[in-house]
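Asker: If it helps, the file is called model35.txt and holds compact mmCIF, C-alpha atoms:
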```txt
# COMPACT_ATOMS: atom_id res chain seq x y z
CA MET A 23 0.00 0.00 0.00
CA ASP A 24 1.26 3.47 -0.88
CA SER A 25 1.94 5.87 1.95
CA PRO A 26 -0.65 8.63 2.27
CA PRO A 27 0.25 11.63 0.09
CA LEU A 28 -0.60 13.98 2.98
CA ILE A 29 2.93 14.48 4.26
CA CYS A 30 6.16 15.49 2.47
CA ASN A 31 4.58 16.02 -0.95
CA GLY A 32 5.48 19.47 -2.21
CA LYS A 33 4.79 22.77 -0.52
CA GLU A 34 1.45 21.65 0.95
CA GLY A 35 3.05 18.52 2.44
CA ARG A 36 5.85 20.51 4.05
CA LYS A 37 3.29 22.95 5.42
CA ASP A 38 1.27 20.06 6.92
CA MET A 39 4.41 18.56 8.47
CA LYS A 40 5.45 21.91 9.96
CA TRP A 41 1.94 22.41 11.34
CA SER A 42 1.87 18.88 12.75
CA LYS A 43 5.23 19.42 14.53
CA LEU A 44 4.09 22.79 15.87
CA SER A 45 0.84 21.35 17.20
CA THR A 46 2.76 18.49 18.90
CA LEU A 47 5.09 21.04 20.50
CA LEU A 48 2.05 23.02 21.65
CA VAL A 49 0.54 19.88 23.24
CA LEU A 50 3.93 19.14 24.87
CA HIS A 51 4.02 22.62 26.41
CA ILE A 52 0.43 22.32 27.63
CA MET A 53 1.47 19.04 29.33
CA LEU A 54 4.55 20.70 30.87
CA LEU A 55 2.35 23.53 32.11
CA ILE A 56 0.01 20.96 33.71
CA TYR A 57 3.07 19.30 35.30
CA SER A 58 4.17 22.68 36.72
CA LEU A 59 0.67 23.27 38.15
CA SER A 60 1.08 20.09 40.22
CA GLY A 61 3.91 21.96 41.99
CA ILE A 62 1.49 24.73 43.03
CA CYS A 63 -0.90 22.13 44.50
CA SER A 64 2.00 20.38 46.28
CA LYS A 65 3.01 23.70 47.82
CA LEU A 66 -0.62 24.42 48.83
CA ALA A 67 -0.93 20.93 50.37
CA ALA A 68 2.31 21.56 52.25
CA ALA A 69 0.65 24.46 54.09
CA GLU A 70 -2.13 22.19 55.44
CA PRO A 71 -1.97 19.67 58.31
CA VAL A 72 -1.11 16.17 57.01
CA PHE A 73 -4.24 14.11 56.11
CA SER A 74 -6.60 17.05 56.72
CA PHE A 75 -9.42 17.46 54.17
CA LYS A 76 -7.61 20.25 52.28
CA PHE A 77 -4.33 18.29 52.31
CA CYS A 78 -6.06 15.24 50.80
CA MET A 79 -7.87 17.42 48.25
CA TYR A 80 -4.68 19.09 47.02
CA TYR A 81 -2.86 15.73 47.05
CA ALA A 82 -5.63 14.20 44.92
CA ILE A 83 -5.31 17.11 42.46
CA VAL A 84 -1.51 16.55 42.34
CA ILE A 85 -2.00 12.86 41.51
CA GLY A 86 -4.69 13.74 38.94
CA LEU A 87 -2.50 16.36 37.23
CA LEU A 88 0.48 13.99 37.16
CA GLY A 89 -1.78 11.29 35.68
CA VAL A 90 -2.95 13.62 32.88
CA TYR A 91 0.67 14.70 32.29
CA ALA A 92 1.89 11.07 32.14
CA ILE A 93 -0.75 10.10 29.56
CA GLY A 94 -0.11 13.26 27.51
CA TRP A 95 3.68 12.78 27.66
CA GLN A 96 3.35 9.18 26.38
CA GLN A 97 1.31 10.46 23.43
CA VAL A 98 3.67 13.35 22.68
CA ILE A 99 6.84 11.24 22.58
CA LYS A 100 5.20 9.10 19.90
CA HIS A 101 5.41 12.11 17.57
CA LEU A 102 8.54 13.91 18.83
CA PRO A 103 12.13 12.79 19.37
CA LEU A 104 12.72 12.04 23.05
CA THR A 105 15.65 14.49 23.09
CA THR A 106 13.38 17.35 21.93
CA ALA A 107 10.76 16.44 24.54
CA PHE A 108 13.34 16.28 27.36
CA ALA A 109 15.06 19.51 26.29
CA ASN A 110 11.69 21.31 26.44
CA LYS A 111 11.09 19.90 29.93
CA ALA A 112 13.55 22.51 31.23
CA ILE A 113 10.74 25.08 30.90
CA THR A 114 9.15 23.65 34.10
CA ILE A 115 12.00 25.24 36.08
CA LEU A 116 10.98 28.66 34.73
CA TRP A 117 7.29 27.97 35.39
CA ALA A 118 8.06 27.12 39.03
CA LEU A 119 9.94 30.42 39.35
CA VAL A 120 6.96 32.33 37.88
CA TRP A 121 4.38 30.50 40.06
CA GLY A 122 6.59 31.01 43.12
CA ILE A 123 6.70 34.77 42.55
CA LEU A 124 3.01 35.12 41.56
CA PHE A 125 1.29 32.86 44.11
CA PHE A 126 3.71 32.53 47.02
CA HIS A 127 5.51 35.90 46.84
CA GLU A 128 8.89 34.21 46.73
CA GLY A 129 11.93 36.45 46.51
CA ILE A 130 14.15 36.52 43.47
CA THR A 131 17.90 37.07 43.55
CA VAL A 132 20.65 37.28 40.96
CA GLY A 133 22.04 34.00 42.36
CA LYS A 134 18.70 32.24 41.82
CA ILE A 135 18.44 33.45 38.21
CA VAL A 136 22.06 32.51 37.40
CA GLY A 137 21.60 29.11 39.09
CA ILE A 138 18.39 28.43 37.15
CA VAL A 139 20.07 29.41 33.85
CA PHE A 140 22.89 26.90 34.54
CA VAL A 141 20.42 24.12 35.47
CA ILE A 142 18.33 24.77 32.32
CA LEU A 143 21.47 24.74 30.15
CA GLY A 144 22.50 21.48 31.85
CA VAL A 145 19.10 19.85 31.22
CA ILE A 146 19.09 20.90 27.54
CA LEU A 147 22.69 19.73 27.05
CA PHE A 148 21.90 16.41 28.77
CA ALA A 149 18.85 15.90 26.55
CA CYS A 150 20.93 16.62 23.43
CA ALA A 151 23.87 14.43 24.50
CA ASP A 152 22.48 11.38 22.65
CA GLU A 153 20.97 13.35 19.76
CA VAL A 154 23.59 12.35 17.15
CA LYS A 155 23.23 8.64 18.02
CA GLU A 156 19.43 8.86 17.94
CA ASN A 157 19.40 10.58 14.55
CA GLU A 158 21.75 7.95 13.13
CA MET B 25 20.32 28.41 53.21
CA ASN B 26 19.28 27.75 56.83
CA LYS B 27 19.15 24.34 58.58
CA GLN B 28 15.37 23.93 58.13
CA THR B 29 15.62 24.57 54.39
CA MET B 30 18.52 22.12 54.11
CA ILE B 31 16.57 19.35 55.87
CA HIS B 32 13.55 19.87 53.59
CA ALA B 33 15.79 20.05 50.52
CA ALA B 34 17.30 16.72 51.62
CA VAL B 35 13.77 15.22 51.79
CA LEU B 36 13.13 16.33 48.20
CA LEU B 37 16.49 14.96 47.06
CA LEU B 38 15.62 11.62 48.71
CA GLY B 39 12.32 11.65 46.80
CA VAL B 40 14.13 12.31 43.51
CA PHE B 41 16.51 9.42 44.24
CA ILE B 42 13.60 7.05 45.01
CA SER B 43 11.81 8.24 41.87
CA ALA B 44 14.91 7.48 39.75
CA PHE B 45 15.15 4.06 41.43
CA SER B 46 11.50 3.37 40.57
CA GLN B 47 12.34 4.21 36.94
CA VAL B 48 15.05 1.54 37.06
CA MET B 49 12.47 -0.97 38.32
CA LEU B 50 10.09 -0.04 35.48
CA LYS B 51 12.90 -0.38 32.95
CA LYS B 52 13.85 -3.82 34.42
CA ALA B 53 10.18 -4.86 34.18
CA ALA B 54 9.94 -3.58 30.59
CA LEU B 55 12.89 -5.78 29.56
CA LYS B 56 11.06 -8.96 30.66
CA THR B 57 8.60 -10.85 28.47
CA TYR B 58 5.11 -11.50 29.81
CA GLU B 59 2.38 -13.98 28.95
CA SER B 60 -0.24 -11.25 28.65
CA LYS B 61 -0.67 -7.48 28.47
CA TRP B 62 -2.34 -7.63 31.91
CA LYS B 63 0.74 -9.21 33.53
CA GLU B 64 2.93 -6.58 31.88
CA TYR B 65 1.40 -4.00 34.23
CA MET B 66 0.08 -6.13 37.09
CA ASN B 67 3.28 -7.68 38.36
CA PRO B 68 5.04 -7.02 41.71
CA LEU B 69 7.94 -5.07 40.18
CA VAL B 70 5.73 -2.59 38.29
CA ILE B 71 3.22 -2.21 41.15
CA PHE B 72 6.02 -1.57 43.67
CA ALA B 73 7.63 0.94 41.30
CA TYR B 74 4.36 2.88 41.05
CA VAL B 75 3.85 2.72 44.84
CA LEU B 76 7.34 4.23 45.23
CA PHE B 77 6.50 6.90 42.65
CA VAL B 78 3.32 7.91 44.49
CA GLY B 79 5.33 7.91 47.74
CA THR B 80 7.76 10.41 46.25
CA THR B 81 4.90 12.86 45.57
CA PHE B 82 4.13 12.69 49.30
CA LEU B 83 7.80 13.36 50.10
CA SER B 84 7.80 16.39 47.79
CA ILE B 85 4.78 17.84 49.65
CA ILE B 86 6.63 17.39 52.95
CA ALA B 87 9.69 19.04 51.38
CA TYR B 88 7.68 22.05 50.20
CA ARG B 89 6.94 22.86 53.84
CA GLY B 90 10.46 24.23 54.07
CA ILE B 91 11.63 25.11 50.57
CA PRO B 92 10.37 27.66 48.01
CA LEU B 93 8.37 26.38 45.02
CA SER B 94 11.05 27.55 42.59
CA MET B 95 13.61 25.31 44.33
CA GLY B 96 11.61 22.12 43.63
CA PRO B 97 12.35 21.62 39.91
CA VAL B 98 15.93 22.87 40.43
CA LEU B 99 16.55 20.05 42.93
CA GLU B 100 14.54 17.59 40.81
CA SER B 101 17.12 18.05 38.06
CA THR B 102 19.49 15.91 40.19
CA GLY B 103 17.39 13.06 38.75
CA TYR B 104 19.57 13.31 35.62
CA PHE B 105 22.58 12.49 37.81
CA TYR B 106 20.94 9.36 39.28
CA VAL B 107 19.58 8.23 35.89
CA THR B 108 23.09 8.51 34.41
CA PHE B 109 24.57 6.58 37.35
CA PHE B 110 21.95 3.79 37.20
CA GLY B 111 22.12 3.67 33.40
CA TRP B 112 25.89 3.28 33.55
CA THR B 113 26.10 0.76 36.42
CA ILE B 114 22.97 -1.35 35.87
CA PHE B 115 22.21 -1.10 32.14
CA HIS B 116 25.81 -0.53 30.97
CA GLU B 117 24.84 2.60 29.05
CA LYS B 118 27.66 4.79 27.78
CA ILE B 119 28.47 8.22 29.18
CA ASN B 120 29.83 10.88 26.84
CA TRP B 121 31.54 14.19 27.60
CA LYS B 122 28.34 16.13 26.82
CA LYS B 123 26.50 14.30 29.61
CA ILE B 124 29.35 14.91 32.07
CA LEU B 125 29.39 18.62 31.15
CA ALA B 126 25.58 18.74 31.46
CA LEU B 127 25.71 17.17 34.95
CA PHE B 128 28.42 19.65 35.93
CA PHE B 129 26.17 22.54 34.77
CA ILE B 130 23.24 21.14 36.78
CA VAL B 131 25.24 20.68 39.99
CA PHE B 132 26.91 24.09 39.55
CA GLY B 133 23.50 25.68 38.96
CA ILE B 134 22.08 24.09 42.13
CA ILE B 135 25.07 25.31 44.17
CA ILE B 136 24.66 28.89 42.85
CA TYR B 137 20.86 28.80 43.34
CA SER B 138 21.18 27.62 46.93
CA GLY B 139 23.41 30.60 47.74
CA ILE B 140 26.28 28.50 49.14
CA LEU B 141 28.75 30.64 47.14
CA GLY B 142 27.19 33.79 48.60
CA ILE B 143 25.80 35.08 45.26
```
Give the structure from this file in structure tokens form.
Answerer:
Amino acid sequence: MDSPPLICNGKEGRKDMKWSKLSTLLVLHIMLLIYSLSGICSKLAAAEPVFSFKFCMYYAIVIGLLGVYAIGWQQVIKHLPLTTAFANKAITILWALVWGILFFHEGITVGKIVGIVFVILGVILFACADEVKENE
Amino acid sequence: MNKQTMIHAAVLLLGVFISAFSQVMLKKAALKTYESKWKEYMNPLVIFAYVLFVGTTFLSIIAYRGIPLSMGPVLESTGYFYVTFFGWTIFHEKINWKKILALFFIVFGIIIYSGILGI
């Protein structure tokens, strides 16, 4: 059976492929955003007495969000190289910084920013370390 | 970083280590062949790995009692260190210079973030 002429055939095919990759990246970032939201709920749960109603509620939301993220992640890595997916995961560090400032009024210092930049660079470099082998 | 923060950070680091260990268990389970799809998921190794994983979410909540939210993912990045170590020792995966440099960046970033160098 011939492969469907939808992808890689001329200008239209390239456009479809580009759109498909962009939409996968968008889904990946929605999943990473969901993952980062689980951090907010963990922090909210941390402020409650252990096994209180609110603690259990936030904990259930954390598990739910992680479940949605896990299912979404499995779907995304079917359409994206693992290295690309892992390199993008570094964005969760930035999200945590933003949520920390917005919701928990956490302080920000030059040291924190520089440290975060190094960690993000490290995560991206780690994700790309096997890229050549994977592409081969 | 005060003593309270350090203790809570240690709890999160323990959780990250356990989480990485649970990944090793899942990988070990994935390498086995099973009679049915059901047994692929419902076997002691996989169930225990998921119990550990859920346990680590509890540890992270405990940790957040004493550390800022922004510190969580920064410390979670130590998972790359454990994954490399387990991959190398248990699954005989190769380490290249890019990975070593990446781990150095991560550790250096954590040290700077935590303020140990006084920045």
Asker: At what distance in Å, to one decimal, does CA of Gly103 (chain B) lie from CA of Leu36 (chain B)?
Answerer: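 CA of Gly103 (chain B) lies 10.9 Å from CA of Leu36 (chain B).
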Asker: Residues of chain B were defined as contacting chain A if any atom lay at most 9 Å from it, counting all atoms listed in the file; please report them as a PyMOL selection string.
Answerer: chain B and resi 78+81-82+84-90+92-98+101+104+120-139+141-143
Asker: Can you tell me which residues surround Gly79 (chain B) at a distance of at most 10 Å, considering only C-alpha atoms, apart from same-chain residues fewer than 6 positions away, and format the answer as a short mmCIF file (atom, residue, chain, number, x, y, z; two decimals) with C-alpha atoms, in the frame of the given file?
Answerer:
```
data_model
loop_
_atom_site.label_atom_id
_atom_site.label_comp_id
_atom_site.auth_asym_id
_atom_site.auth_seq_id
_atom_site.Cartn_x
_atom_site.Cartn_y
_atom_site.Cartn_z
CA GLY B 39 12.32 11.65 46.80
CA ILE B 42 13.60 7.05 45.01
CA SER B 43 11.81 8.24 41.87
CA ALA B 73 7.63 0.94 41.30
#
```
Asker: Between CA of Lys118 (chain B) and CA of Leu54 (chain A), what is the distance in Å, rounded to a tenth?
Answerer: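 Computing it gives 28.2 Å between the two atoms.
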Asker: From the list B:Phe115, B:Ile91, B:Phe105, B:Leu99, which residue is nearest Asn26 (chain B) when using all atoms listed in the file?
Answerer: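 Smallest separation from Asn26 (chain B) among the options: B:Ile91.
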Asker: Grab the CA of Thr105 (chain A) to CA of Ile83 (chain A) distance for me, in Å with one decimal place.
Answerer: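 According to the coordinates, CA of Thr105 (chain A) and CA of Ile83 (chain A) are separated by 28.7 Å.
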Asker: For Met53 (chain A), list every protein, DNA or RNA residue within 8 Å, evaluated using only C-alpha atoms, and leave out those in the same chain fewer than 3 positions away; present the list as a ChimeraX atom specification.
Answerer: /A:49-50,56-57,90-91,94-95
Asker: Tell me which of B:Phe72, B:Ile140, B:Ser60, B:Val48 sits closest to Met25 (chain B), counting all atoms listed in the file.
Answerer: B:Ile140
Asker: Could you add the missing atoms to region 59-72 of chain A, up to N, CA and C atoms, and return them as a CSV table (one decimal), in the coordinates of the input?
Answerer:
```csv
chain,number,residue,atom,x,y,z
A,59,LEU,N,1.8,22.9,37.3
A,59,LEU,CA,0.7,23.3,38.2
A,59,LEU,C,0.6,22.3,39.3
A,60,SER,N,1.1,21.1,39.1
A,60,SER,CA,1.1,20.1,40.2
A,60,SER,C,2.0,20.6,41.3
A,61,GLY,N,3.0,21.4,41.0
A,61,GLY,CA,3.9,22.0,42.0
A,61,GLY,C,3.2,22.9,42.9
A,62,ILE,N,2.3,23.8,42.2
A,62,ILE,CA,1.5,24.7,43.0
A,62,ILE,C,0.6,24.0,44.0
A,63,CYS,N,0.0,22.9,43.6
A,63,CYS,CA,-0.9,22.1,44.5
A,63,CYS,C,-0.1,21.5,45.6
A,64,SER,N,1.1,21.0,45.3
A,64,SER,CA,2.0,20.4,46.3
A,64,SER,C,2.3,21.4,47.4
A,65,LYS,N,2.6,22.6,46.9
A,65,LYS,CA,3.0,23.7,47.8
A,65,LYS,C,1.8,24.1,48.7
A,66,LEU,N,0.6,24.1,48.1
A,66,LEU,CA,-0.6,24.4,48.8
A,66,LEU,C,-0.9,23.3,49.9
A,67,ALA,N,-0.7,22.1,49.5
A,67,ALA,CA,-0.9,20.9,50.4
A,67,ALA,C,0.1,21.0,51.5
A,68,ALA,N,1.3,21.5,51.2
A,68,ALA,CA,2.3,21.6,52.2
A,68,ALA,C,1.9,22.5,53.4
A,69,ALA,N,1.0,23.5,53.1
A,69,ALA,CA,0.6,24.5,54.1
A,69,ALA,C,-0.5,23.9,55.0
A,70,GLU,N,-1.0,22.8,54.7
A,70,GLU,CA,-2.1,22.2,55.4
A,70,GLU,C,-1.6,21.1,56.4
A,71,PRO,N,-2.4,20.8,57.5
A,71,PRO,CA,-2.0,19.7,58.3
A,71,PRO,C,-2.1,18.3,57.5
A,72,VAL,N,-1.1,17.4,57.8
A,72,VAL,CA,-1.1,16.2,57.0
A,72,VAL,C,-2.4,15.4,57.2
```
